[in-house]
Amino acid sequence: ANAYFTDGVQDEILTYLAKIADLKVISRTSVLQYKSGVARNLREIAQQLGVANVVEGSVQRWGNRVRVNAQLVDARTDAHLWAQTYDRDLADVFAIQSEIAKAIADQLQAKLSPNEKKAIEQPPTTDLAAFDLYSRAKSILLTAGFSATQEPDLRKAIELLDEAVKRDPSFFDAYCQLAYAHGIVDGTPARLALAEAAVQAATRLRPDAAETHLARAQYLYYGLRDYAGALAQLEIARRALPNDPRLFEHIGYILRRRGQQQEGLRNLERAVELDPRNFNTLQQISLSYQGLGRYAEAIAALDRALAIMPDNAETRASRGLFYMCWKGDTRPLHQTIDAILAQGPGAIASAAD
């Protein structure tokens with residue numbers, strides 16, 4: 001019953017840590033795959049994510065009480081560097097998130113600038129119901145892509161975020177997520193006006209925040225195709241969001257569209273360092289390598305994507321196509337198509353073209 005609340009608490013701690021330039025922090029898209037319910041080998045997880053330390057924990061909520069367990073583990077030695085249990089009033093959950101982030105930064109001897117300290121101490125909202133709505137919406141947006149089949153999910157996320165800002169009109173992060181969701185859902189003038197209104201609301205609340213510049217960049221990129229404007233906003237945001245893969249991902253896409261293939265690829269590679277199990281980014285990296293005629297590397301990127309989603313028909317077909325472009329050999333692509341068709345006539349749909 002509290003899964004979204006737990007996700008929200010984890011996401012906030014991760015967001016706080018990601019604002020510390022002295023740390024390398026992996027994005028939630030990649031860590032989501034190691035949730036509870038599966039046997040976890042921390043050493044393997046750390047290797048897959050390219051990190052030395054892992055934070056894990058649990059959240060329990062009953063009545064007006066909340067218990068948060070958190071521990072910092074050196075994944076190479078399995079040594080516990082720090083552990084703490086917080087047993088408090090539910091209203092204290094936002095303070096607990098800040099305390100955990102600060103304790104972890106302290107244990108890892110990360111230097112905090114005054115701005116970073118201030119960012120970590122700023123609660124997202126004081127309304128727990130609004131926080132629940134926001135957490136549910138953010139989980140949907142994290143897994144929703146850009147295909148038409150995802151449109152109902154995006155609309156649901158927008159509904160939840162609208163409810164969240166109705167409950168707390170000063171909920172800055174919710175406006176940033178609203179701007180993004182409206183910007184990618186259908187591209188109609190009415191929808192773009194809603195995206196712009198959300199950007200304006202975020203700007204009124206925190207005009208200088210990096211997240212405001214990121215929200216504006218996403219609106220300019222997806223909504224208006226204003227690449228120069230988006231790039232300028234992303235450069236400002238990058239200074240205060242050192243671990244946010246979205247910045248490098250968007251810079252990569254824009255540079256690639258402008259014909260700066262190598263520079264675009266460099267930024268996408270940086271994005272995947274911070275989000276190593278992001279299926280979509282790995283697919284995009286493979287397309288960049290293909291565009292540069294570097295087929296061995298294009299196929300290696302697809303193999304990394306297939307390790308995450310082995311049954312994805314489009315990626316399997318692309319692998320065969322890239323091999324054909326590279327070696328002039330059509331057999332692997334024929335075999336792949338036959339293998340996908342054997343699963344059923346509908347299995348090939350996403351790769352039919």
# chains A, B, ... in the order shown; residues from 1 in each chain; ligands from 1
>>> residues_around(residues="range 73-79 of chain A", least_positions_apart="4", cutoff="10 Å", atoms="only C-alpha atoms", output="list of chain:residue names")
A:Asn41, A:Leu42, A:Arg43, A:Glu44, A:Ile45, A:Ala46, A:Gln47, A:Val51, A:Ala52, A:Asn53, A:Val54, A:Val55, A:Glu56, A:Ala83
>>> write_last_selection(atoms="all heavy atoms", output="JSON list (two decimals), in the first residue's frame")
[["chain", "number", "residue", "atom", "x", "y", "z"],
["A", 41, "ASN", "N", 23.02, -9.12, -4.92],
["A", 41, "ASN", "CA", 24.45, -9.24, -4.67],
["A", 41, "ASN", "C", 25.04, -7.85, -4.86],
["A", 41, "ASN", "O", 25.15, -7.36, -5.99],
["A", 41, "ASN", "CB", 25.05, -10.25, -5.67],
["A", 41, "ASN", "CG", 26.55, -10.41, -5.50],
["A", 41, "ASN", "OD1", 27.26, -9.45, -5.18],
["A", 41, "ASN", "ND2", 27.03, -11.62, -5.72],
["A", 42, "LEU", "N", 25.39, -7.20, -3.74],
["A", 42, "LEU", "CA", 25.81, -5.80, -3.82],
["A", 42, "LEU", "C", 27.06, -5.61, -4.66],
["A", 42, "LEU", "O", 27.21, -4.60, -5.34],
["A", 42, "LEU", "CB", 26.02, -5.22, -2.42],
["A", 42, "LEU", "CG", 24.75, -4.96, -1.59],
["A", 42, "LEU", "CD1", 25.08, -4.14, -0.36],
["A", 42, "LEU", "CD2", 23.68, -4.24, -2.40],
["A", 43, "ARG", "N", 27.97, -6.58, -4.62],
["A", 43, "ARG", "CA", 29.20, -6.45, -5.40],
["A", 43, "ARG", "C", 28.88, -6.43, -6.89],
["A", 43, "ARG", "O", 29.43, -5.62, -7.65],
["A", 43, "ARG", "CB", 30.16, -7.59, -5.06],
["A", 43, "ARG", "CG", 31.56, -7.37, -5.58],
["A", 43, "ARG", "CD", 32.52, -8.42, -5.07],
["A", 43, "ARG", "NE", 32.69, -8.32, -3.62],
["A", 43, "ARG", "CZ", 33.61, -9.02, -2.94],
["A", 43, "ARG", "NH1", 34.40, -9.84, -3.57],
["A", 43, "ARG", "NH2", 33.71, -8.89, -1.64],
["A", 44, "GLU", "N", 27.97, -7.33, -7.30],
["A", 44, "GLU", "CA", 27.57, -7.39, -8.72],
["A", 44, "GLU", "C", 26.85, -6.10, -9.14],
["A", 44, "GLU", "O", 27.10, -5.55, -10.20],
["A", 44, "GLU", "CB", 26.62, -8.57, -8.94],
["A", 44, "GLU", "CG", 27.31, -9.80, -9.47],
["A", 44, "GLU", "CD", 26.33, -10.97, -9.59],
["A", 44, "GLU", "OE1", 25.16, -10.74, -9.94],
["A", 44, "GLU", "OE2", 26.77, -12.10, -9.33],
["A", 45, "ILE", "N", 25.94, -5.64, -8.26],
["A", 45, "ILE", "CA", 25.19, -4.41, -8.55],
["A", 45, "ILE", "C", 26.15, -3.24, -8.73],
["A", 45, "ILE", "O", 26.04, -2.46, -9.68],
["A", 45, "ILE", "CB", 24.17, -4.12, -7.43],
["A", 45, "ILE", "CG1", 23.04, -5.15, -7.47],
["A", 45, "ILE", "CG2", 23.59, -2.71, -7.56],
["A", 45, "ILE", "CD1", 22.09, -5.10, -6.27],
["A", 46, "ALA", "N", 27.11, -3.13, -7.80],
["A", 46, "ALA", "CA", 28.08, -2.03, -7.87],
["A", 46, "ALA", "C", 28.88, -2.09, -9.16],
["A", 46, "ALA", "O", 29.16, -1.05, -9.78],
["A", 46, "ALA", "CB", 29.00, -2.07, -6.66],
["A", 47, "GLN", "N", 29.24, -3.32, -9.59],
["A", 47, "GLN", "CA", 29.98, -3.47, -10.86],
["A", 47, "GLN", "C", 29.13, -3.03, -12.05],
["A", 47, "GLN", "O", 29.59, -2.31, -12.92],
["A", 47, "GLN", "CB", 30.40, -4.93, -11.04],
["A", 47, "GLN", "CG", 31.79, -5.21, -10.47],
["A", 47, "GLN", "CD", 32.17, -6.68, -10.65],
["A", 47, "GLN", "OE1", 31.32, -7.54, -10.77],
["A", 47, "GLN", "NE2", 33.47, -6.97, -10.64],
["A", 51, "VAL", "N", 29.98, 1.78, -9.51],
["A", 51, "VAL", "CA", 30.14, 2.53, -8.25],
["A", 51, "VAL", "C", 30.90, 1.70, -7.21],
["A", 51, "VAL", "O", 31.03, 0.49, -7.35],
["A", 51, "VAL", "CB", 28.77, 2.95, -7.66],
["A", 51, "VAL", "CG1", 28.07, 3.94, -8.57],
["A", 51, "VAL", "CG2", 27.88, 1.75, -7.37],
["A", 52, "ALA", "N", 31.38, 2.39, -6.18],
["A", 52, "ALA", "CA", 32.11, 1.71, -5.09],
["A", 52, "ALA", "C", 31.20, 1.43, -3.90],
["A", 52, "ALA", "O", 31.39, 0.46, -3.18],
["A", 52, "ALA", "CB", 33.28, 2.59, -4.65],
["A", 53, "ASN", "N", 30.22, 2.32, -3.67],
["A", 53, "ASN", "CA", 29.36, 2.21, -2.50],
["A", 53, "ASN", "C", 27.89, 2.15, -2.90],
["A", 53, "ASN", "O", 27.50, 2.70, -3.92],
["A", 53, "ASN", "CB", 29.56, 3.44, -1.58],
["A", 53, "ASN", "CG", 31.03, 3.62, -1.21],
["A", 53, "ASN", "OD1", 31.57, 2.87, -0.43],
["A", 53, "ASN", "ND2", 31.66, 4.61, -1.82],
["A", 54, "VAL", "N", 27.11, 1.48, -2.05],
["A", 54, "VAL", "CA", 25.68, 1.35, -2.30],
["A", 54, "VAL", "C", 24.91, 1.78, -1.06],
["A", 54, "VAL", "O", 25.30, 1.44, 0.06],
["A", 54, "VAL", "CB", 25.32, -0.12, -2.66],
["A", 54, "VAL", "CG1", 23.82, -0.29, -2.80],
["A", 54, "VAL", "CG2", 26.02, -0.55, -3.94],
["A", 55, "VAL", "N", 23.85, 2.56, -1.27],
["A", 55, "VAL", "CA", 22.93, 2.89, -0.18],
["A", 55, "VAL", "C", 21.70, 2.03, -0.35],
["A", 55, "VAL", "O", 21.14, 1.97, -1.45],
["A", 55, "VAL", "CB", 22.50, 4.38, -0.23],
["A", 55, "VAL", "CG1", 21.54, 4.69, 0.92],
["A", 55, "VAL", "CG2", 23.71, 5.29, -0.16],
["A", 56, "GLU", "N", 21.30, 1.34, 0.72],
["A", 56, "GLU", "CA", 20.02, 0.62, 0.64],
["A", 56, "GLU", "C", 19.26, 0.82, 1.94],
["A", 56, "GLU", "O", 19.82, 1.24, 2.96],
["A", 56, "GLU", "CB", 20.23, -0.87, 0.32],
["A", 56, "GLU", "CG", 21.02, -1.65, 1.34],
["A", 56, "GLU", "CD", 21.06, -3.14, 1.01],
["A", 56, "GLU", "OE1", 20.44, -3.56, 0.02],
["A", 56, "GLU", "OE2", 21.70, -3.88, 1.77],
["A", 83, "ALA", "N", 25.02, 3.16, 9.32],
["A", 83, "ALA", "CA", 23.64, 2.67, 9.33],
["A", 83, "ALA", "C", 22.85, 3.45, 10.38],
["A", 83, "ALA", "O", 23.40, 3.84, 11.41],
["A", 83, "ALA", "CB", 23.59, 1.18, 9.63]]
>>> residues_around(residues="Asp208 in chain A", least_positions_apart="3", cutoff="12 Å", atoms="only C-alpha atoms", output="list in words")
Asn115, Ala202, Thr203, Arg204, Leu205, Glu211, Thr212, His213, Leu214, Ala215, Arg216, Gln233, Ile236, Ala237, Arg239 and Ala240 of chain A
>>> write_last_selection(atoms="N, CA and C atoms", output="short mmCIF file (atom, residue, chain, number, x, y, z; two decimals), in the first residue's frame")
data_model
loop_
_atom_site.label_atom_id
_atom_site.label_comp_id
_atom_site.auth_asym_id
_atom_site.auth_seq_id
_atom_site.Cartn_x
_atom_site.Cartn_y
_atom_site.Cartn_z
N ASN A 115 25.47 26.26 -1.35
CA ASN A 115 24.28 26.06 -2.19
C ASN A 115 23.80 24.62 -2.16
N ALA A 202 6.89 27.38 -12.28
CA ALA A 202 8.18 27.02 -11.68
C ALA A 202 9.09 28.24 -11.61
N THR A 203 9.06 29.06 -12.66
CA THR A 203 9.90 30.27 -12.72
C THR A 203 9.51 31.26 -11.64
N ARG A 204 8.20 31.40 -11.41
CA ARG A 204 7.74 32.32 -10.35
C ARG A 204 8.23 31.86 -8.97
N LEU A 205 8.21 30.54 -8.75
CA LEU A 205 8.59 30.01 -7.43
C LEU A 205 10.10 30.06 -7.21
N GLU A 211 16.67 23.36 -11.84
CA GLU A 211 15.53 22.58 -12.34
C GLU A 211 14.59 23.44 -13.19
N THR A 212 14.51 24.75 -12.88
CA THR A 212 13.70 25.66 -13.69
C THR A 212 14.30 25.77 -15.10
N HIS A 213 15.63 25.89 -15.15
CA HIS A 213 16.31 25.98 -16.46
C HIS A 213 16.16 24.67 -17.24
N LEU A 214 16.20 23.53 -16.52
CA LEU A 214 16.02 22.24 -17.19
C LEU A 214 14.60 22.12 -17.74
N ALA A 215 13.60 22.50 -16.94
CA ALA A 215 12.20 22.44 -17.39
C ALA A 215 11.99 23.32 -18.63
N ARG A 216 12.59 24.51 -18.60
CA ARG A 216 12.48 25.41 -19.76
C ARG A 216 13.19 24.81 -20.98
N GLN A 233 19.86 27.00 -21.97
CA GLN A 233 19.26 26.68 -20.68
C GLN A 233 19.94 25.46 -20.03
N ILE A 236 23.24 26.33 -18.34
CA ILE A 236 23.06 26.97 -17.03
C ILE A 236 22.72 25.90 -15.98
N ALA A 237 21.82 24.98 -16.34
CA ALA A 237 21.36 23.94 -15.40
C ALA A 237 22.48 23.00 -14.99
N ARG A 239 25.49 23.40 -14.21
CA ARG A 239 26.37 23.81 -13.10
C ARG A 239 25.87 23.32 -11.75
N ALA A 240 24.55 23.23 -11.59
CA ALA A 240 24.00 22.85 -10.28
C ALA A 240 23.42 21.44 -10.26
#
>>> select_by_dssp(residues="range 125-206 of chain A", states="helix (DSSP H, G or I)", output="number ranges by chain")
A: 128-143, 148-167, 172-185, 189-205
>>> closest_atom_pairs(of="range 228-311 of chain A", to="range 133-146 of chain A", cutoff="12 Å", atoms="only C-alpha atoms", output="CSV")
residue,atom,partner,partner_atom,distance
A:Arg246,CA,A:Leu142,CA,11.6
A:Asn278,CA,A:Thr143,CA,10.2
A:Phe279,CA,A:Thr143,CA,10.4
A:Asn280,CA,A:Gly145,CA,8.4
A:Thr281,CA,A:Gly145,CA,11.4
>>> closest_atom_pairs(of="range 31-68 of chain A", to="range 85-91 of chain A", cutoff="10 Å", atoms="only C-alpha atoms", output="Markdown table")
| residue | atom | partner | partner_atom | distance |
| --- | --- | --- | --- | --- |
| A:Gly57 | CA | A:Thr85 | CA | 9.3 |
| A:Ser58 | CA | A:Thr85 | CA | 9.5 |
| A:Val59 | CA | A:Tyr86 | CA | 9.6 |
| A:Gln60 | CA | A:Asp87 | CA | 9.5 |
| A:Arg61 | CA | A:Leu90 | CA | 7.6 |
| A:Trp62 | CA | A:Leu90 | CA | 8.6 |
| A:Gly63 | CA | A:Leu90 | CA | 8.2 |
| A:Asn64 | CA | A:Leu90 | CA | 5.1 |
| A:Arg65 | CA | A:Asp89 | CA | 4.6 |
| A:Val66 | CA | A:Leu90 | CA | 5.0 |
| A:Arg67 | CA | A:Asp87 | CA | 4.5 |
| A:Val68 | CA | A:Tyr86 | CA | 5.1 |
>>> residues_around(residues="Lys19 in chain A", least_positions_apart="3", cutoff="7 Å", atoms="only C-alpha atoms", output="list of chain:residue names")
A:Thr15, A:Tyr16, A:Glu116, A:Ala240, A:Leu241, A:Pro242, A:Asn243
>>> residues_around(residues="Ala193 in chain A", least_positions_apart="4", cutoff="10 Å", atoms="only C-alpha atoms", output="VMD selection string")
chain A and resid 179 182 to 183 187 to 189 197 to 199 223
>>> closest_atom_pairs(of="range 102-219 of chain A", to="range 21-35 of chain A", cutoff="9 Å", atoms="only C-alpha atoms", output="tab-separated table")
residue	atom	partner	partner_atom	distance
A:Ala105	CA	A:Leu23	CA	8.0
A:Leu108	CA	A:Leu23	CA	8.4
A:Gln109	CA	A:Asp22	CA	8.9
A:Ala110	CA	A:Asp22	CA	5.4
A:Lys111	CA	A:Asp22	CA	6.2
A:Leu112	CA	A:Asp22	CA	7.6
A:Ser113	CA	A:Ala21	CA	8.9
A:Glu116	CA	A:Ala21	CA	8.4
A:Leu142	CA	A:Thr29	CA	6.7
A:Thr143	CA	A:Thr29	CA	7.9
>>> atom_distance(atom1="CA of Pro114 in chain A", atom2="CA of Gln10 in chain A")
23.4 Å
>>> residues_around(residues="range 253-258 of chain A", least_positions_apart="5", cutoff="9 Å", atoms="only C-alpha atoms", output="PyMOL selection string")
chain A and resi 221+227-228+230-231+248+263-265+267-268+284+288
>>> write_last_selection(atoms="N, CA and C atoms", output="PDB file, in the first residue's frame")
ATOM      1  N   TYR A 221      12.949  22.380 -26.311  1.00  0.00           N
ATOM      2  CA  TYR A 221      13.398  21.288 -27.192  1.00  0.00           C
ATOM      3  C   TYR A 221      12.214  20.499 -27.757  1.00  0.00           C
ATOM      4  N   TYR A 227      16.490  24.712 -30.624  1.00  0.00           N
ATOM      5  CA  TYR A 227      17.696  24.018 -30.158  1.00  0.00           C
ATOM      6  C   TYR A 227      18.684  24.962 -29.486  1.00  0.00           C
ATOM      7  N   ALA A 228      18.875  26.139 -30.048  1.00  0.00           N
ATOM      8  CA  ALA A 228      19.831  27.100 -29.472  1.00  0.00           C
ATOM      9  C   ALA A 228      19.363  27.536 -28.085  1.00  0.00           C
ATOM     10  N   ALA A 230      17.288  25.931 -26.057  1.00  0.00           N
ATOM     11  CA  ALA A 230      17.353  24.785 -25.134  1.00  0.00           C
ATOM     12  C   ALA A 230      18.782  24.558 -24.659  1.00  0.00           C
ATOM     13  N   LEU A 231      19.722  24.636 -25.584  1.00  0.00           N
ATOM     14  CA  LEU A 231      21.136  24.405 -25.251  1.00  0.00           C
ATOM     15  C   LEU A 231      21.641  25.431 -24.228  1.00  0.00           C
ATOM     16  N   PHE A 248      22.878  15.767 -20.017  1.00  0.00           N
ATOM     17  CA  PHE A 248      23.822  15.278 -21.040  1.00  0.00           C
ATOM     18  C   PHE A 248      23.071  14.601 -22.191  1.00  0.00           C
ATOM     19  N   GLU A 263      30.477  15.054 -30.871  1.00  0.00           N
ATOM     20  CA  GLU A 263      30.228  15.776 -29.621  1.00  0.00           C
ATOM     21  C   GLU A 263      28.912  15.310 -28.993  1.00  0.00           C
ATOM     22  N   GLY A 264      27.922  15.046 -29.842  1.00  0.00           N
ATOM     23  CA  GLY A 264      26.641  14.529 -29.359  1.00  0.00           C
ATOM     24  C   GLY A 264      26.817  13.180 -28.685  1.00  0.00           C
ATOM     25  N   LEU A 265      27.587  12.307 -29.328  1.00  0.00           N
ATOM     26  CA  LEU A 265      27.850  10.978 -28.782  1.00  0.00           C
ATOM     27  C   LEU A 265      28.579  11.061 -27.440  1.00  0.00           C
ATOM     28  N   ASN A 267      28.349  13.311 -25.191  1.00  0.00           N
ATOM     29  CA  ASN A 267      27.376  13.667 -24.158  1.00  0.00           C
ATOM     30  C   ASN A 267      26.448  12.500 -23.809  1.00  0.00           C
ATOM     31  N   LEU A 268      26.054  11.727 -24.816  1.00  0.00           N
ATOM     32  CA  LEU A 268      25.212  10.554 -24.553  1.00  0.00           C
ATOM     33  C   LEU A 268      25.975   9.505 -23.744  1.00  0.00           C
ATOM     34  N   GLN A 284      19.808   4.910 -28.181  1.00  0.00           N
ATOM     35  CA  GLN A 284      20.195   6.144 -28.869  1.00  0.00           C
ATOM     36  C   GLN A 284      21.704   6.181 -29.155  1.00  0.00           C
ATOM     37  N   SER A 288      23.773   6.599 -32.741  1.00  0.00           N
ATOM     38  CA  SER A 288      24.882   7.531 -32.995  1.00  0.00           C
ATOM     39  C   SER A 288      26.078   6.806 -33.595  1.00  0.00           C
TER      40      SER A 288
END
>>> atom_distance(atom1="CA of Leu128 in chain A", atom2="CA of Gly8 in chain A")
10.7 Å
>>> residues_around(residues="range 305-319 of chain A", least_positions_apart="4", cutoff="9 Å", atoms="only C-alpha atoms", output="PDB file with N, CA, C and O atoms, in the first residue's frame")
ATOM      1  N   ARG A 277      21.961   1.649 -16.870  1.00  0.00           N
ATOM      2  CA  ARG A 277      20.970   0.648 -17.272  1.00  0.00           C
ATOM      3  C   ARG A 277      19.716   1.315 -17.847  1.00  0.00           C
ATOM      4  O   ARG A 277      18.602   0.823 -17.708  1.00  0.00           O
ATOM      5  N   ASN A 278      19.942   2.448 -18.518  1.00  0.00           N
ATOM      6  CA  ASN A 278      18.833   3.134 -19.181  1.00  0.00           C
ATOM      7  C   ASN A 278      18.728   2.608 -20.612  1.00  0.00           C
ATOM      8  O   ASN A 278      19.543   2.923 -21.481  1.00  0.00           O
ATOM      9  N   PHE A 279      17.711   1.808 -20.837  1.00  0.00           N
ATOM     10  CA  PHE A 279      17.515   1.120 -22.112  1.00  0.00           C
ATOM     11  C   PHE A 279      17.427   2.107 -23.284  1.00  0.00           C
ATOM     12  O   PHE A 279      18.070   1.918 -24.320  1.00  0.00           O
ATOM     13  N   ASN A 280      16.649   3.188 -23.094  1.00  0.00           N
ATOM     14  CA  ASN A 280      16.450   4.149 -24.193  1.00  0.00           C
ATOM     15  C   ASN A 280      17.747   4.857 -24.584  1.00  0.00           C
ATOM     16  O   ASN A 280      18.028   5.055 -25.767  1.00  0.00           O
ATOM     17  N   THR A 281      18.538   5.256 -23.570  1.00  0.00           N
ATOM     18  CA  THR A 281      19.795   5.958 -23.870  1.00  0.00           C
ATOM     19  C   THR A 281      20.759   5.038 -24.612  1.00  0.00           C
ATOM     20  O   THR A 281      21.437   5.466 -25.552  1.00  0.00           O
ATOM     21  N   LEU A 282      20.814   3.772 -24.217  1.00  0.00           N
ATOM     22  CA  LEU A 282      21.699   2.809 -24.897  1.00  0.00           C
ATOM     23  C   LEU A 282      21.272   2.627 -26.358  1.00  0.00           C
ATOM     24  O   LEU A 282      22.114   2.540 -27.255  1.00  0.00           O
ATOM     25  N   GLN A 283      19.976   2.606 -26.595  1.00  0.00           N
ATOM     26  CA  GLN A 283      19.481   2.520 -27.982  1.00  0.00           C
ATOM     27  C   GLN A 283      19.933   3.735 -28.794  1.00  0.00           C
ATOM     28  O   GLN A 283      20.353   3.619 -29.942  1.00  0.00           O
ATOM     29  N   ALA A 298      28.196   0.063 -32.237  1.00  0.00           N
ATOM     30  CA  ALA A 298      26.724   0.154 -32.281  1.00  0.00           C
ATOM     31  C   ALA A 298      26.106  -1.146 -31.766  1.00  0.00           C
ATOM     32  O   ALA A 298      25.169  -1.136 -30.963  1.00  0.00           O
ATOM     33  N   ILE A 299      26.674  -2.288 -32.203  1.00  0.00           N
ATOM     34  CA  ILE A 299      26.159  -3.600 -31.781  1.00  0.00           C
ATOM     35  C   ILE A 299      26.455  -3.837 -30.293  1.00  0.00           C
ATOM     36  O   ILE A 299      25.611  -4.365 -29.561  1.00  0.00           O
ATOM     37  N   ALA A 300      27.618  -3.399 -29.813  1.00  0.00           N
ATOM     38  CA  ALA A 300      27.955  -3.551 -28.388  1.00  0.00           C
ATOM     39  C   ALA A 300      26.960  -2.781 -27.512  1.00  0.00           C
ATOM     40  O   ALA A 300      26.535  -3.266 -26.457  1.00  0.00           O
ATOM     41  N   ALA A 301      26.553  -1.584 -27.969  1.00  0.00           N
ATOM     42  CA  ALA A 301      25.561  -0.790 -27.214  1.00  0.00           C
ATOM     43  C   ALA A 301      24.214  -1.501 -27.202  1.00  0.00           C
ATOM     44  O   ALA A 301      23.522  -1.534 -26.172  1.00  0.00           O
ATOM     45  N   TYR A 323      24.396  -5.418 -38.304  1.00  0.00           N
ATOM     46  CA  TYR A 323      25.366  -6.440 -38.730  1.00  0.00           C
ATOM     47  C   TYR A 323      25.383  -6.529 -40.256  1.00  0.00           C
ATOM     48  O   TYR A 323      26.451  -6.631 -40.872  1.00  0.00           O
ATOM     49  N   MET A 324      24.196  -6.442 -40.860  1.00  0.00           N
ATOM     50  CA  MET A 324      24.097  -6.486 -42.320  1.00  0.00           C
ATOM     51  C   MET A 324      24.818  -5.277 -42.950  1.00  0.00           C
ATOM     52  O   MET A 324      25.553  -5.416 -43.929  1.00  0.00           O
ATOM     53  N   PRO A 332      22.009 -13.154 -40.325  1.00  0.00           N
ATOM     54  CA  PRO A 332      21.603 -12.914 -38.926  1.00  0.00           C
ATOM     55  C   PRO A 332      20.257 -12.178 -38.818  1.00  0.00           C
ATOM     56  O   PRO A 332      19.455 -12.484 -37.942  1.00  0.00           O
ATOM     57  N   LEU A 333      20.002 -11.240 -39.738  1.00  0.00           N
ATOM     58  CA  LEU A 333      18.737 -10.499 -39.686  1.00  0.00           C
ATOM     59  C   LEU A 333      17.568 -11.426 -40.022  1.00  0.00           C
ATOM     60  O   LEU A 333      16.525 -11.387 -39.355  1.00  0.00           O
ATOM     61  N   THR A 336      16.911 -13.589 -37.030  1.00  0.00           N
ATOM     62  CA  THR A 336      16.275 -12.820 -35.949  1.00  0.00           C
ATOM     63  C   THR A 336      14.790 -12.627 -36.232  1.00  0.00           C
ATOM     64  O   THR A 336      13.943 -12.839 -35.361  1.00  0.00           O
ATOM     65  N   ILE A 337      14.470 -12.252 -37.496  1.00  0.00           N
ATOM     66  CA  ILE A 337      13.062 -12.035 -37.868  1.00  0.00           C
ATOM     67  C   ILE A 337      12.273 -13.337 -37.704  1.00  0.00           C
ATOM     68  O   ILE A 337      11.168 -13.336 -37.143  1.00  0.00           O
ATOM     69  N   ILE A 340      11.650 -14.031 -34.023  1.00  0.00           N
ATOM     70  CA  ILE A 340      10.613 -13.153 -33.441  1.00  0.00           C
ATOM     71  C   ILE A 340       9.232 -13.610 -33.922  1.00  0.00           C
ATOM     72  O   ILE A 340       8.287 -13.710 -33.125  1.00  0.00           O
ATOM     73  N   ALA A 347       4.327 -10.343 -32.560  1.00  0.00           N
ATOM     74  CA  ALA A 347       5.578 -10.033 -31.866  1.00  0.00           C
ATOM     75  C   ALA A 347       6.488  -9.091 -32.646  1.00  0.00           C
ATOM     76  O   ALA A 347       7.275  -8.349 -32.062  1.00  0.00           O
ATOM     77  N   ILE A 348       6.352  -9.103 -33.980  1.00  0.00           N
ATOM     78  CA  ILE A 348       7.251  -8.325 -34.829  1.00  0.00           C
ATOM     79  C   ILE A 348       6.796  -6.859 -34.979  1.00  0.00           C
ATOM     80  O   ILE A 348       7.525  -6.029 -35.519  1.00  0.00           O
ATOM     81  N   ALA A 349       5.592  -6.545 -34.491  1.00  0.00           N
ATOM     82  CA  ALA A 349       4.953  -5.232 -34.787  1.00  0.00           C
ATOM     83  C   ALA A 349       5.887  -4.046 -34.632  1.00  0.00           C
ATOM     84  O   ALA A 349       5.986  -3.215 -35.542  1.00  0.00           O
ATOM     85  N   SER A 350       6.613  -3.965 -33.504  1.00  0.00           N
ATOM     86  CA  SER A 350       7.434  -2.769 -33.270  1.00  0.00           C
ATOM     87  C   SER A 350       8.647  -2.702 -34.195  1.00  0.00           C
ATOM     88  O   SER A 350       9.254  -1.656 -34.352  1.00  0.00           O
ATOM     89  N   ALA A 351       8.993  -3.841 -34.810  1.00  0.00           N
ATOM     90  CA  ALA A 351      10.178  -3.862 -35.681  1.00  0.00           C
ATOM     91  C   ALA A 351       9.803  -4.126 -37.146  1.00  0.00           C
ATOM     92  O   ALA A 351      10.676  -4.324 -37.984  1.00  0.00           O
ATOM     93  N   ALA A 352       8.519  -4.082 -37.466  1.00  0.00           N
ATOM     94  CA  ALA A 352       8.060  -4.507 -38.791  1.00  0.00           C
ATOM     95  C   ALA A 352       8.677  -3.695 -39.934  1.00  0.00           C
ATOM     96  O   ALA A 352       8.963  -4.248 -40.990  1.00  0.00           O
TER      97      ALA A 352
END
>>> residues_around(residues="Thr125 in chain A", least_positions_apart="2", cutoff="8 Å", atoms="only C-alpha atoms", output="ChimeraX atom specification")
/A:123,127-128,130-131,168,170-171
>>> atom_distance(atom1="CA of Ala296 in chain A", atom2="CA of Cys325 in chain A")
10.7 Å
>>> closest_residue(among="A:Ala174, A:Ile100, A:Ala95, A:Ile184", to="Trp82 in chain A", atoms="only C-alpha atoms")
A:Ile100
